[in-house]
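Shown here: target.cif, mmCIF, C-alpha atoms.
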```
data_start
loop_
_atom_site.label_atom_id
_atom_site.label_comp_id
_atom_site.auth_asym_id
_atom_site.auth_seq_id
_atom_site.Cartn_x
_atom_site.Cartn_y
_atom_site.Cartn_z
CA MET A 218 171.80 67.73 -34.06
CA GLN A 219 168.66 65.85 -35.09
CA PHE A 220 166.70 64.36 -32.20
CA ILE A 221 165.67 60.73 -32.78
CA ASP A 222 164.02 58.87 -29.89
CA GLN A 223 162.77 55.71 -31.63
CA ALA A 224 164.55 53.22 -33.87
CA GLU A 225 164.23 49.66 -35.11
CA ILE A 226 167.34 47.61 -35.82
CA GLU A 227 168.50 44.06 -36.41
CA VAL A 228 171.27 42.44 -34.38
CA VAL A 229 173.10 39.28 -35.41
CA ALA A 230 175.46 37.53 -33.02
CA GLY A 231 178.43 35.59 -34.38
CA ASN A 232 178.24 31.89 -35.18
CA GLY A 233 180.39 29.49 -33.23
CA GLY A 234 183.40 28.07 -35.09
CA ASP A 235 183.38 24.46 -36.28
CA GLY A 236 185.28 21.73 -34.46
CA ILE A 237 187.65 19.75 -36.67
CA VAL A 238 188.82 16.20 -37.19
CA ALA A 239 192.59 15.83 -36.79
CA PHE A 240 195.11 13.32 -35.43
CA ARG A 241 198.54 13.61 -33.93
CA ARG A 242 201.25 12.84 -36.51
CA GLU A 243 204.47 13.24 -34.50
CA LYS A 244 207.30 10.94 -35.53
CA TYR A 245 207.76 9.30 -32.14
CA VAL A 246 204.09 9.08 -31.18
CA PRO A 247 202.85 6.01 -33.07
CA ALA A 248 199.41 6.07 -31.44
CA GLY A 249 198.85 9.80 -31.30
CA GLY A 250 195.09 9.64 -31.29
CA PRO A 251 192.55 12.36 -32.10
CA ALA A 252 193.67 15.98 -31.70
CA GLY A 253 190.98 18.08 -33.38
CA GLY A 254 190.38 21.37 -31.56
CA ASN A 255 187.09 23.01 -30.66
CA GLY A 256 185.71 25.97 -32.53
CA GLY A 257 185.75 29.40 -30.88
CA ARG A 258 182.56 30.96 -29.58
CA GLY A 259 180.80 33.60 -31.66
CA GLY A 260 180.83 37.22 -30.58
CA SER A 261 177.79 38.68 -28.79
CA VAL A 262 175.99 41.96 -29.45
CA ILE A 263 176.08 44.16 -26.35
CA PHE A 264 174.53 47.58 -25.64
CA ASN A 265 176.53 50.03 -23.55
CA ALA A 266 174.81 53.10 -22.05
CA ILE A 267 176.83 56.29 -22.57
CA GLU A 268 176.10 59.43 -20.59
CA HIS A 269 177.04 62.04 -23.23
CA LEU A 270 174.73 60.64 -25.94
CA GLN A 271 171.25 62.20 -26.12
CA THR A 272 169.69 60.76 -29.28
CA LEU A 273 169.30 57.55 -31.28
CA LEU A 274 170.44 59.37 -34.42
CA ASP A 275 173.13 56.77 -35.24
CA PHE A 276 170.46 54.15 -35.79
CA LYS A 277 168.76 56.20 -38.49
CA TYR A 278 171.53 55.30 -40.92
CA ALA A 279 172.69 51.88 -39.67
CA HIS A 280 170.06 49.19 -39.19
CA CYS A 281 172.00 45.92 -38.93
CA PHE A 282 174.74 45.17 -36.40
CA ARG A 283 176.77 41.97 -36.57
CA ALA A 284 179.28 40.42 -34.22
CA GLU A 285 182.27 38.39 -35.42
CA ASN A 286 182.03 34.64 -36.01
CA GLY A 287 184.16 32.25 -33.97
CA GLY A 288 187.23 30.71 -35.58
CA ARG A 289 187.50 27.11 -36.71
CA GLY A 290 189.32 24.70 -34.40
CA GLY A 291 192.90 23.76 -35.21
CA PRO A 292 195.06 20.62 -35.07
CA ASN A 293 197.01 19.63 -31.97
CA ASN A 294 193.96 20.41 -29.82
CA ARG A 295 194.05 24.11 -30.63
CA THR A 296 190.81 25.95 -29.93
CA GLY A 297 189.62 28.40 -32.56
CA LYS A 298 189.67 32.14 -31.95
CA ASN A 299 186.65 33.59 -30.15
CA GLY A 300 184.69 36.11 -32.19
CA SER A 301 184.86 39.75 -31.07
CA ASP A 302 181.78 41.15 -29.36
CA ARG A 303 179.96 44.03 -31.03
CA ILE A 304 179.60 46.87 -28.53
CA ILE A 305 176.87 49.36 -29.46
CA GLU A 306 176.75 52.69 -27.62
CA VAL A 307 173.29 54.02 -26.74
CA PRO A 308 172.11 56.99 -24.64
CA CYS A 309 171.25 56.51 -20.99
CA GLY A 310 167.50 56.06 -20.79
CA THR A 311 167.24 53.66 -23.73
CA VAL A 312 164.62 50.93 -23.41
CA VAL A 313 165.17 47.81 -25.55
CA TYR A 314 162.23 45.72 -26.80
CA ASN A 315 161.97 42.59 -28.92
CA ALA A 316 160.28 44.04 -32.01
CA ASP A 317 158.48 40.79 -32.81
CA THR A 318 157.09 39.89 -29.37
CA GLY A 319 157.01 43.28 -27.66
CA GLU A 320 158.93 41.89 -24.68
CA MET A 321 161.12 44.41 -22.87
CA LEU A 322 164.69 43.09 -22.81
CA GLY A 323 166.27 45.81 -20.74
CA ASP A 324 166.21 49.41 -19.54
CA LEU A 325 169.58 51.15 -19.61
CA VAL A 326 169.45 54.02 -17.14
CA LYS A 327 172.92 54.11 -15.59
CA PRO A 328 176.15 55.18 -17.32
CA ARG A 329 178.22 52.19 -18.50
CA GLN A 330 175.32 49.82 -17.84
CA MET A 331 175.57 46.95 -20.32
CA LEU A 332 172.98 44.60 -21.81
CA CYS A 333 173.67 41.53 -23.93
CA VAL A 334 170.88 41.46 -26.52
CA ALA A 335 172.15 38.65 -28.77
CA LYS A 336 174.41 35.87 -27.51
CA GLY A 337 177.07 34.36 -29.72
CA GLY A 338 176.88 30.69 -30.69
CA LYS A 339 178.98 28.07 -28.94
CA GLY A 340 181.92 26.56 -30.77
CA GLY A 341 181.62 23.02 -32.09
CA LEU A 342 183.53 20.15 -30.48
CA GLY A 343 186.58 18.68 -32.16
CA ASN A 344 187.01 14.93 -32.56
CA ARG A 345 189.18 14.65 -29.43
CA HIS A 346 185.96 14.94 -27.38
CA PHE A 347 184.61 11.74 -28.90
CA LEU A 348 187.51 9.50 -27.90
CA SER A 349 186.29 6.45 -25.97
CA ASN A 350 187.23 2.82 -25.32
CA HIS A 351 184.89 1.81 -28.11
CA ASN A 352 186.13 4.43 -30.58
CA ARG A 353 189.87 5.09 -30.41
CA ALA A 354 189.95 7.08 -33.64
CA PRO A 355 186.76 9.16 -33.92
CA GLU A 356 186.39 10.79 -37.31
CA HIS A 357 183.61 13.22 -36.68
CA ALA A 358 183.33 16.68 -35.09
CA LEU A 359 180.48 19.10 -34.43
CA PRO A 360 179.77 22.34 -36.25
CA GLY A 361 179.43 25.58 -34.28
CA LEU A 362 176.03 26.76 -33.18
CA PRO A 363 174.47 29.81 -34.83
CA GLY A 364 174.36 33.10 -32.94
CA GLU A 365 171.11 34.72 -31.92
CA GLN A 366 169.40 37.02 -34.38
CA LEU A 367 166.76 39.54 -33.28
CA ARG A 368 164.83 42.55 -34.44
CA LEU A 369 164.87 45.20 -31.73
CA ARG A 370 162.86 48.33 -31.09
CA LEU A 371 164.67 51.07 -29.20
CA GLU A 372 162.90 53.84 -27.33
CA LEU A 373 164.68 56.71 -25.63
CA LYS A 374 163.11 58.11 -22.46
CA LEU A 375 164.97 61.16 -21.24
CA LEU A 376 166.39 61.09 -17.73
CA ALA A 377 165.20 64.24 -15.97
CA GLU A 378 163.99 64.85 -12.44
CA VAL A 379 161.64 67.71 -13.34
CA GLY A 380 159.40 67.72 -16.41
CA ILE A 381 157.95 71.05 -17.57
CA ILE A 382 154.56 70.50 -19.19
CA GLY A 383 151.87 72.77 -20.60
CA LEU A 384 150.05 73.79 -23.74
CA PRO A 385 151.97 75.22 -26.71
CA ASN A 386 153.22 78.76 -26.15
CA ALA A 387 152.84 78.53 -22.37
CA GLY A 388 156.45 79.67 -21.98
CA LYS A 389 158.18 76.38 -21.19
CA SER A 390 161.21 77.04 -23.40
CA THR A 391 161.55 80.55 -22.03
CA LEU A 392 161.45 79.21 -18.48
CA ILE A 393 164.10 76.56 -19.02
CA SER A 394 166.34 79.14 -20.71
CA ALA A 395 165.86 81.47 -17.72
CA LEU A 396 166.69 78.73 -15.20
CA SER A 397 169.58 77.05 -17.00
CA ALA A 398 172.16 77.46 -19.73
CA ALA A 399 169.89 75.76 -22.28
CA ARG A 400 169.06 77.89 -25.32
CA PRO A 401 166.03 76.40 -27.07
CA LYS A 402 164.31 78.01 -30.04
CA ILE A 403 161.74 80.53 -28.79
CA ALA A 404 159.07 82.36 -30.81
CA ASN A 405 155.60 83.77 -30.29
CA TYR A 406 153.66 80.96 -31.95
CA PRO A 407 152.63 77.40 -30.98
CA PHE A 408 154.87 74.39 -31.58
CA THR A 409 158.11 76.37 -31.53
CA THR A 410 159.61 73.45 -29.61
CA LEU A 411 159.73 70.35 -31.80
CA ILE A 412 162.03 68.29 -29.60
CA PRO A 413 162.48 67.96 -25.81
CA ASN A 414 165.05 70.33 -24.37
CA LEU A 415 167.21 69.50 -21.37
CA GLY A 416 168.69 72.04 -19.01
CA VAL A 417 170.73 71.64 -15.83
CA VAL A 418 169.57 73.90 -13.00
CA ARG A 419 171.95 74.41 -10.09
CA LYS A 420 170.73 73.90 -6.53
CA PRO A 421 171.98 76.18 -3.74
CA THR A 422 174.21 73.27 -2.67
CA GLY A 423 175.87 73.31 -6.09
CA ASP A 424 174.38 70.03 -7.33
CA GLY A 425 172.80 70.03 -10.76
CA THR A 426 169.22 68.91 -11.44
CA VAL A 427 168.04 68.10 -14.95
CA PHE A 428 164.86 69.82 -16.16
CA ALA A 429 163.12 68.66 -19.35
CA ASP A 430 161.02 71.01 -21.45
CA ILE A 431 158.44 68.69 -23.07
CA PRO A 432 156.96 69.90 -26.41
CA GLY A 433 153.43 71.22 -26.15
CA LEU A 434 150.58 68.87 -25.47
CA ILE A 435 147.14 69.52 -26.92
CA ALA A 436 143.74 67.90 -26.55
CA GLY A 437 143.91 64.38 -27.98
CA ALA A 438 147.69 64.09 -27.69
CA HIS A 439 147.45 60.58 -26.21
CA GLN A 440 145.65 59.51 -29.42
CA GLY A 441 148.40 60.83 -31.69
CA ILE A 442 147.12 64.36 -32.26
CA GLY A 443 149.68 67.16 -32.36
CA LEU A 444 153.27 66.81 -31.19
CA GLY A 445 152.83 65.82 -27.55
CA HIS A 446 152.06 62.15 -28.13
CA GLU A 447 155.58 61.69 -29.51
CA PHE A 448 157.11 62.92 -26.26
CA LEU A 449 154.77 61.84 -23.45
CA ARG A 450 157.13 58.94 -22.80
CA HIS A 451 159.85 61.39 -21.82
CA ILE A 452 158.01 62.45 -18.66
CA GLU A 453 157.50 58.86 -17.48
CA ARG A 454 160.85 58.95 -15.64
CA THR A 455 160.46 62.40 -14.10
CA ARG A 456 159.91 62.56 -10.36
CA LEU A 457 158.13 65.91 -10.38
CA LEU A 458 156.00 67.74 -12.97
CA LEU A 459 156.01 71.52 -13.28
CA HIS A 460 152.74 72.47 -14.96
CA LEU A 461 153.08 75.85 -16.64
CA ILE A 462 149.86 77.74 -17.40
CA ASP A 463 149.64 80.83 -19.61
CA ILE A 464 147.56 83.29 -17.61
CA THR A 465 147.10 85.49 -20.71
CA ALA A 466 145.25 82.65 -22.50
CA ALA A 467 141.51 82.94 -23.20
CA ASP A 468 140.69 80.34 -20.49
CA PRO A 469 143.63 79.35 -18.22
CA ILE A 470 141.43 76.97 -16.19
CA ALA A 471 140.39 75.06 -19.30
CA ASP A 472 144.03 74.89 -20.37
CA TYR A 473 144.94 73.32 -17.04
CA GLN A 474 142.15 70.77 -17.35
CA THR A 475 143.16 69.88 -20.91
CA ILE A 476 146.64 68.82 -19.80
CA GLN A 477 145.30 66.89 -16.82
CA GLN A 478 142.91 64.98 -19.06
CA GLU A 479 145.76 64.03 -21.38
CA LEU A 480 147.84 62.74 -18.45
CA GLN A 481 144.85 60.71 -17.23
CA ALA A 482 144.28 59.24 -20.69
CA TYR A 483 147.96 58.38 -21.13
CA GLY A 484 148.15 56.69 -17.73
CA ARG A 485 151.37 54.89 -16.71
CA GLU A 486 151.29 56.56 -13.28
CA LEU A 487 151.56 60.08 -14.72
CA PRO A 488 148.29 61.27 -13.13
CA GLU A 489 149.70 60.37 -9.68
CA ARG A 490 153.02 62.13 -10.30
CA PRO A 491 153.51 65.11 -7.92
CA GLN A 492 152.86 68.45 -9.61
CA ILE A 493 153.65 72.09 -9.01
CA LEU A 494 151.46 74.70 -10.72
CA ALA A 495 152.84 77.98 -12.02
CA LEU A 496 150.97 80.80 -13.72
CA ASN A 497 153.31 82.30 -16.30
CA LYS A 498 153.34 85.77 -17.92
CA VAL A 499 151.90 87.46 -14.81
CA ASP A 500 153.66 90.69 -15.82
CA ALA A 501 151.10 91.05 -18.65
CA VAL A 502 147.90 90.98 -16.54
CA ASP A 503 146.53 92.79 -13.50
CA GLN A 504 146.70 91.44 -9.95
CA ASP A 505 142.95 90.77 -9.74
CA MET A 506 143.21 88.31 -12.63
CA ILE A 507 146.16 86.57 -10.96
CA ASP A 508 144.34 86.27 -7.63
CA GLU A 509 141.16 84.95 -9.23
CA VAL A 510 142.87 82.19 -11.23
CA SER A 511 145.25 81.27 -8.38
CA THR A 512 142.40 80.94 -5.88
CA TYR A 513 140.33 78.77 -8.20
CA LEU A 514 143.23 76.45 -9.04
CA ASN A 515 144.27 76.21 -5.40
CA GLN A 516 140.76 75.16 -4.38
CA LEU A 517 140.59 72.72 -7.30
CA THR A 518 143.96 71.03 -6.74
CA GLN A 519 144.78 71.70 -3.06
CA VAL A 520 148.38 72.54 -4.06
CA PRO A 521 150.18 75.92 -4.01
CA VAL A 522 149.98 77.96 -7.20
CA PHE A 523 152.99 80.13 -8.05
CA SER A 524 152.88 83.33 -10.06
CA ILE A 525 155.91 83.85 -12.29
CA SER A 526 157.16 85.57 -15.39
CA ALA A 527 159.90 83.66 -17.17
CA VAL A 528 160.70 86.65 -19.40
CA ALA A 529 160.90 89.20 -16.57
CA LYS A 530 162.30 86.58 -14.14
CA ILE A 531 159.61 87.31 -11.56
CA GLY A 532 158.90 84.72 -8.85
CA LEU A 533 161.53 82.23 -10.02
CA ASP A 534 163.36 82.03 -6.70
CA ALA A 535 160.21 81.05 -4.79
CA LEU A 536 159.32 78.50 -7.47
CA LEU A 537 162.78 76.91 -7.37
CA SER A 538 162.70 76.80 -3.58
CA LYS A 539 159.46 74.81 -3.73
CA ILE A 540 160.91 72.47 -6.37
CA TRP A 541 164.01 71.72 -4.25
CA GLN A 542 161.81 71.14 -1.18
CA SER A 543 159.54 68.76 -3.12
CA LEU A 544 162.48 66.79 -4.54
CA ASP A 545 163.99 66.43 -1.07
CA GLN A 546 160.67 65.14 0.28
CA LEU A 547 160.44 62.64 -2.58
CA SER A 548 163.98 61.43 -1.84
CA VAL A 549 163.09 60.85 1.81
CA ALA A 550 159.93 59.01 0.77
CA ASP A 551 161.90 56.83 -1.66
CA CYS A 552 164.42 55.93 1.06
CA SER A 553 161.62 55.05 3.49
CA LYS A 554 159.91 52.90 0.88
CA ALA A 555 163.16 51.10 0.10
CA ALA A 556 163.74 50.44 3.82
CA VAL A 557 160.24 48.98 4.19
CA ASN A 558 160.74 46.75 1.15
CA LEU A 559 164.07 45.56 2.56
CA GLN A 560 162.48 44.72 5.91
CA GLN A 561 159.64 42.81 4.22
CA SER A 562 162.03 40.82 2.05
CA THR A 563 164.23 40.04 5.06
CA PHE A 564 161.17 38.92 7.05
CA LYS A 565 160.10 36.60 4.23
CA VAL A 566 163.53 34.97 4.13
#
```
Step by step, read the file and then write its structure as structure tokens.
Amino acid sequence: MQFIDQAEIEVVAGNGGDGIVAFRREKYVPAGGPAGGNGGRGGSVIFNAIEHLQTLLDFKYAHCFRAENGGRGGPNNRTGKNGSDRIIEVPCGTVVYNADTGEMLGDLVKPRQMLCVAKGGKGGLGNRHFLSNHNRAPEHALPGLPGEQLRLRLELKLLAEVGIIGLPNAGKSTLISALSAARPKIANYPFTTLIPNLGVVRKPTGDGTVFADIPGLIAGAHQGIGLGHEFLRHIERTRLLLHLIDITAADPIADYQTIQQELQAYGRELPERPQILALNKVDAVDQDMIDEVSTYLNQLTQVPVFSISAVAKIGLDALLSKIWQSLDQLSVADCSKAAVNLQQSTFKV
């Protein structure tokens, strides 16, 4: 399946139906009066977040989505039929922007979360609404109002708790295939991964945690160089970053610094995101090399540095244990922050 994470579409809500001019004509009602019904409302365009969708591929082939117009009012005070809403299914994690103004209209992160992006027009009033002591037989009605029409830009940001980052060929795809049931394309050359890969890793408790393998970043990625700039947005939602470093590279320290510089340049709170460092491919070098690089990185970052081999499955248990511990600590911190915010808002009231 082709991975599409950006799209631009047009949405057109339905127009409201026209009100009509009509009078009662029953045989035994000599002064029946006005009886023109109102028009029905136009249908709205609504986004619905669906959990099983993972791409915006549908919007590559369909660019305009219209809701149904409202029906015209009828005689005997009958209101016209309301237009049907147009429900558009999108993946969870879709962010909706007004393409003309850049305003964010909504962020659909929860399954079955809905967002009305274009509201249908109101139906026009029939002539019965204009009856008064001064006008006992009104002969005018109002047309329906037009529905909203917008150009939208859709961006998909994957929902994953752990984002695996690193330079091309650092072993990210191999790691996610070793930890989960995901089977990404793997080869011994850079840019094997052209799209983000998701894998569900089981905790000891049995719960599943989503890991995202982000395609390789390179120097200048934030400026549009290489593949990484296309996918940096996908790690904005992650709670924890797993930075994978190829210890067999010519300069592992420089590789680490390259990725950190790209995160700093991209911004959006990514530099402050908690990170875990892991030296990969340790089965291909001697222990002295591992100790030297680990010590330097530990002194530089003040965080533990794990030594693993995704291919040989060395050190994965210790790495996962640290990931689960870090996620639990983040959950506690989030709960504490929410409690403080609640107390502050209550105090203000």
One decimal, in Å: what's the spacing between CA of Pro328 (chain A) and CA of Phe264 (chain A)? 11.4 Å
In file coordinates, which residues lie within 6 Å of (148.0, 88.9, -20.5) using only C-alpha atoms, given as JSON, numbers by chain? {"A": [465, 501, 502]}
Take the point (179.0, 62.4, -21.4) in the file's coordinates, draw a sphere of radius 10 Å around it, and report as an MDAnalysis selection string every protein, DNA or RNA residue with an atom inside or on it, counting all atoms listed in the file. chainID A and resid 267:271 308:309 328
Counting all atoms listed in the file, which residues in region 279-301 of chain A sit no more than 10 Å from region 366-389 of chain A? For each one, give the nearest pair of atoms and the distance in Å, sorted by chain then residue number, as CSV.
```
residue,atom,partner,partner_atom,distance
A:His280,CA,A:Arg368,CA,9.7
A:Cys281,CA,A:Arg368,CA,9.1
A:Phe282,CA,A:Gln366,CA,10.0
A:Arg283,CA,A:Gln366,CA,9.1
```
Need to verify the contact set: region 521-529 of chain A, 9 Å, all atoms listed in the file, exclusion of same-chain residues closer than 6 positions in sequence. Can you return it as a list in words? Gly388, Lys389, Thr391, Leu392, Ile393, Ser394, Ala395, Leu396, Ile493, Leu494, Ala495, Leu496, Asn497, Lys498, Val499, Asp500, Ala501, Ile507, Ser511, Thr512, Leu514, Asn515, Ala535 and Leu536 of chain A
Expressed in Å, the length from CA of Tyr483 (chain A) to CA of Glu453 (chain A) is 10.2 Å
Which residues would end up in the selection if the PyMOL selection byres ((chain A and resi 259) around 8) were applied here, given that I need the answer as a PyMOL selection string? chain A and resi 230-234+257-258+260-261+284-287+299-302+336-340+364
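Using all atoms listed in the file for every distance, the candidate list A:Thr518, A:Gly291, A:Ala429, A:Ser538 yields A:Thr518 as the residue closest to Gln474 (chain A).
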Selection in question (the file shown): the PyMOL selection byres ((chain A and resi 312) around 12). Which residues does it include, as a PyMOL selection string? chain A and resi 222-225+264-266+273+307-311+313-316+319-327+332+334+369-376+450-451+454
Those same residues - C-alpha atoms - I'd like them written as a PDB file, keeping the file's coordinate frame.
```pdb
ATOM      1  CA  ASP A 222     164.020  58.870 -29.890  1.00  0.00           C
ATOM      2  CA  GLN A 223     162.770  55.710 -31.630  1.00  0.00           C
ATOM      3  CA  ALA A 224     164.550  53.220 -33.870  1.00  0.00           C
ATOM      4  CA  GLU A 225     164.230  49.660 -35.110  1.00  0.00           C
ATOM      5  CA  PHE A 264     174.530  47.580 -25.640  1.00  0.00           C
ATOM      6  CA  ASN A 265     176.530  50.030 -23.550  1.00  0.00           C
ATOM      7  CA  ALA A 266     174.810  53.100 -22.050  1.00  0.00           C
ATOM      8  CA  LEU A 273     169.300  57.550 -31.280  1.00  0.00           C
ATOM      9  CA  VAL A 307     173.290  54.020 -26.740  1.00  0.00           C
ATOM     10  CA  PRO A 308     172.110  56.990 -24.640  1.00  0.00           C
ATOM     11  CA  CYS A 309     171.250  56.510 -20.990  1.00  0.00           C
ATOM     12  CA  GLY A 310     167.500  56.060 -20.790  1.00  0.00           C
ATOM     13  CA  THR A 311     167.240  53.660 -23.730  1.00  0.00           C
ATOM     14  CA  VAL A 313     165.170  47.810 -25.550  1.00  0.00           C
ATOM     15  CA  TYR A 314     162.230  45.720 -26.800  1.00  0.00           C
ATOM     16  CA  ASN A 315     161.970  42.590 -28.920  1.00  0.00           C
ATOM     17  CA  ALA A 316     160.280  44.040 -32.010  1.00  0.00           C
ATOM     18  CA  GLY A 319     157.010  43.280 -27.660  1.00  0.00           C
ATOM     19  CA  GLU A 320     158.930  41.890 -24.680  1.00  0.00           C
ATOM     20  CA  MET A 321     161.120  44.410 -22.870  1.00  0.00           C
ATOM     21  CA  LEU A 322     164.690  43.090 -22.810  1.00  0.00           C
ATOM     22  CA  GLY A 323     166.270  45.810 -20.740  1.00  0.00           C
ATOM     23  CA  ASP A 324     166.210  49.410 -19.540  1.00  0.00           C
ATOM     24  CA  LEU A 325     169.580  51.150 -19.610  1.00  0.00           C
ATOM     25  CA  VAL A 326     169.450  54.020 -17.140  1.00  0.00           C
ATOM     26  CA  LYS A 327     172.920  54.110 -15.590  1.00  0.00           C
ATOM     27  CA  LEU A 332     172.980  44.600 -21.810  1.00  0.00           C
ATOM     28  CA  VAL A 334     170.880  41.460 -26.520  1.00  0.00           C
ATOM     29  CA  LEU A 369     164.870  45.200 -31.730  1.00  0.00           C
ATOM     30  CA  ARG A 370     162.860  48.330 -31.090  1.00  0.00           C
ATOM     31  CA  LEU A 371     164.670  51.070 -29.200  1.00  0.00           C
ATOM     32  CA  GLU A 372     162.900  53.840 -27.330  1.00  0.00           C
ATOM     33  CA  LEU A 373     164.680  56.710 -25.630  1.00  0.00           C
ATOM     34  CA  LYS A 374     163.110  58.110 -22.460  1.00  0.00           C
ATOM     35  CA  LEU A 375     164.970  61.160 -21.240  1.00  0.00           C
ATOM     36  CA  LEU A 376     166.390  61.090 -17.730  1.00  0.00           C
ATOM     37  CA  ARG A 450     157.130  58.940 -22.800  1.00  0.00           C
ATOM     38  CA  HIS A 451     159.850  61.390 -21.820  1.00  0.00           C
ATOM     39  CA  ARG A 454     160.850  58.950 -15.640  1.00  0.00           C
TER      40      ARG A 454
END
```
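Nearest-residue note for Pro363 (chain A): choosing from A:Gly341, A:Gly290, A:Gly532, A:Gly484, the minimum distance belongs to A:Gly341, counting only C-alpha atoms.
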Explicit residues for the PyMOL selection byres ((chain A and resi 347) around 12) (as a VMD selection string): chain A and resid 236 to 239 250 to 255 342 to 346 348 to 359
Write out the residues from the selection above, keeping C-alpha atoms, as a PDB file, in the frame of the given file.
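After the write, part.pdb holds the following:
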```pdb
ATOM      1  CA  GLY A 236     185.280  21.730 -34.460  1.00  0.00           C
ATOM      2  CA  ILE A 237     187.650  19.750 -36.670  1.00  0.00           C
ATOM      3  CA  VAL A 238     188.820  16.200 -37.190  1.00  0.00           C
ATOM      4  CA  ALA A 239     192.590  15.830 -36.790  1.00  0.00           C
ATOM      5  CA  GLY A 250     195.090   9.640 -31.290  1.00  0.00           C
ATOM      6  CA  PRO A 251     192.550  12.360 -32.100  1.00  0.00           C
ATOM      7  CA  ALA A 252     193.670  15.980 -31.700  1.00  0.00           C
ATOM      8  CA  GLY A 253     190.980  18.080 -33.380  1.00  0.00           C
ATOM      9  CA  GLY A 254     190.380  21.370 -31.560  1.00  0.00           C
ATOM     10  CA  ASN A 255     187.090  23.010 -30.660  1.00  0.00           C
ATOM     11  CA  LEU A 342     183.530  20.150 -30.480  1.00  0.00           C
ATOM     12  CA  GLY A 343     186.580  18.680 -32.160  1.00  0.00           C
ATOM     13  CA  ASN A 344     187.010  14.930 -32.560  1.00  0.00           C
ATOM     14  CA  ARG A 345     189.180  14.650 -29.430  1.00  0.00           C
ATOM     15  CA  HIS A 346     185.960  14.940 -27.380  1.00  0.00           C
ATOM     16  CA  LEU A 348     187.510   9.500 -27.900  1.00  0.00           C
ATOM     17  CA  SER A 349     186.290   6.450 -25.970  1.00  0.00           C
ATOM     18  CA  ASN A 350     187.230   2.820 -25.320  1.00  0.00           C
ATOM     19  CA  HIS A 351     184.890   1.810 -28.110  1.00  0.00           C
ATOM     20  CA  ASN A 352     186.130   4.430 -30.580  1.00  0.00           C
ATOM     21  CA  ARG A 353     189.870   5.090 -30.410  1.00  0.00           C
ATOM     22  CA  ALA A 354     189.950   7.080 -33.640  1.00  0.00           C
ATOM     23  CA  PRO A 355     186.760   9.160 -33.920  1.00  0.00           C
ATOM     24  CA  GLU A 356     186.390  10.790 -37.310  1.00  0.00           C
ATOM     25  CA  HIS A 357     183.610  13.220 -36.680  1.00  0.00           C
ATOM     26  CA  ALA A 358     183.330  16.680 -35.090  1.00  0.00           C
ATOM     27  CA  LEU A 359     180.480  19.100 -34.430  1.00  0.00           C
TER      28      LEU A 359
END
```
Would you work out the distance separating CA of Tyr245 (chain A) from CA of Arg289 (chain A), expressed in Å to one decimal? 27.4 Å
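Nearest to Pro469 (chain A) of all the residues A:Ile305, A:Glu486, A:Ile431, A:Glu509 is A:Glu509, based on all atoms listed in the file.
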Counting all atoms listed in the file, which residue out of A:Leu487, A:Ile221, A:Val228, A:Gly416 sits closest to Lys277 (chain A)? A:Ile221
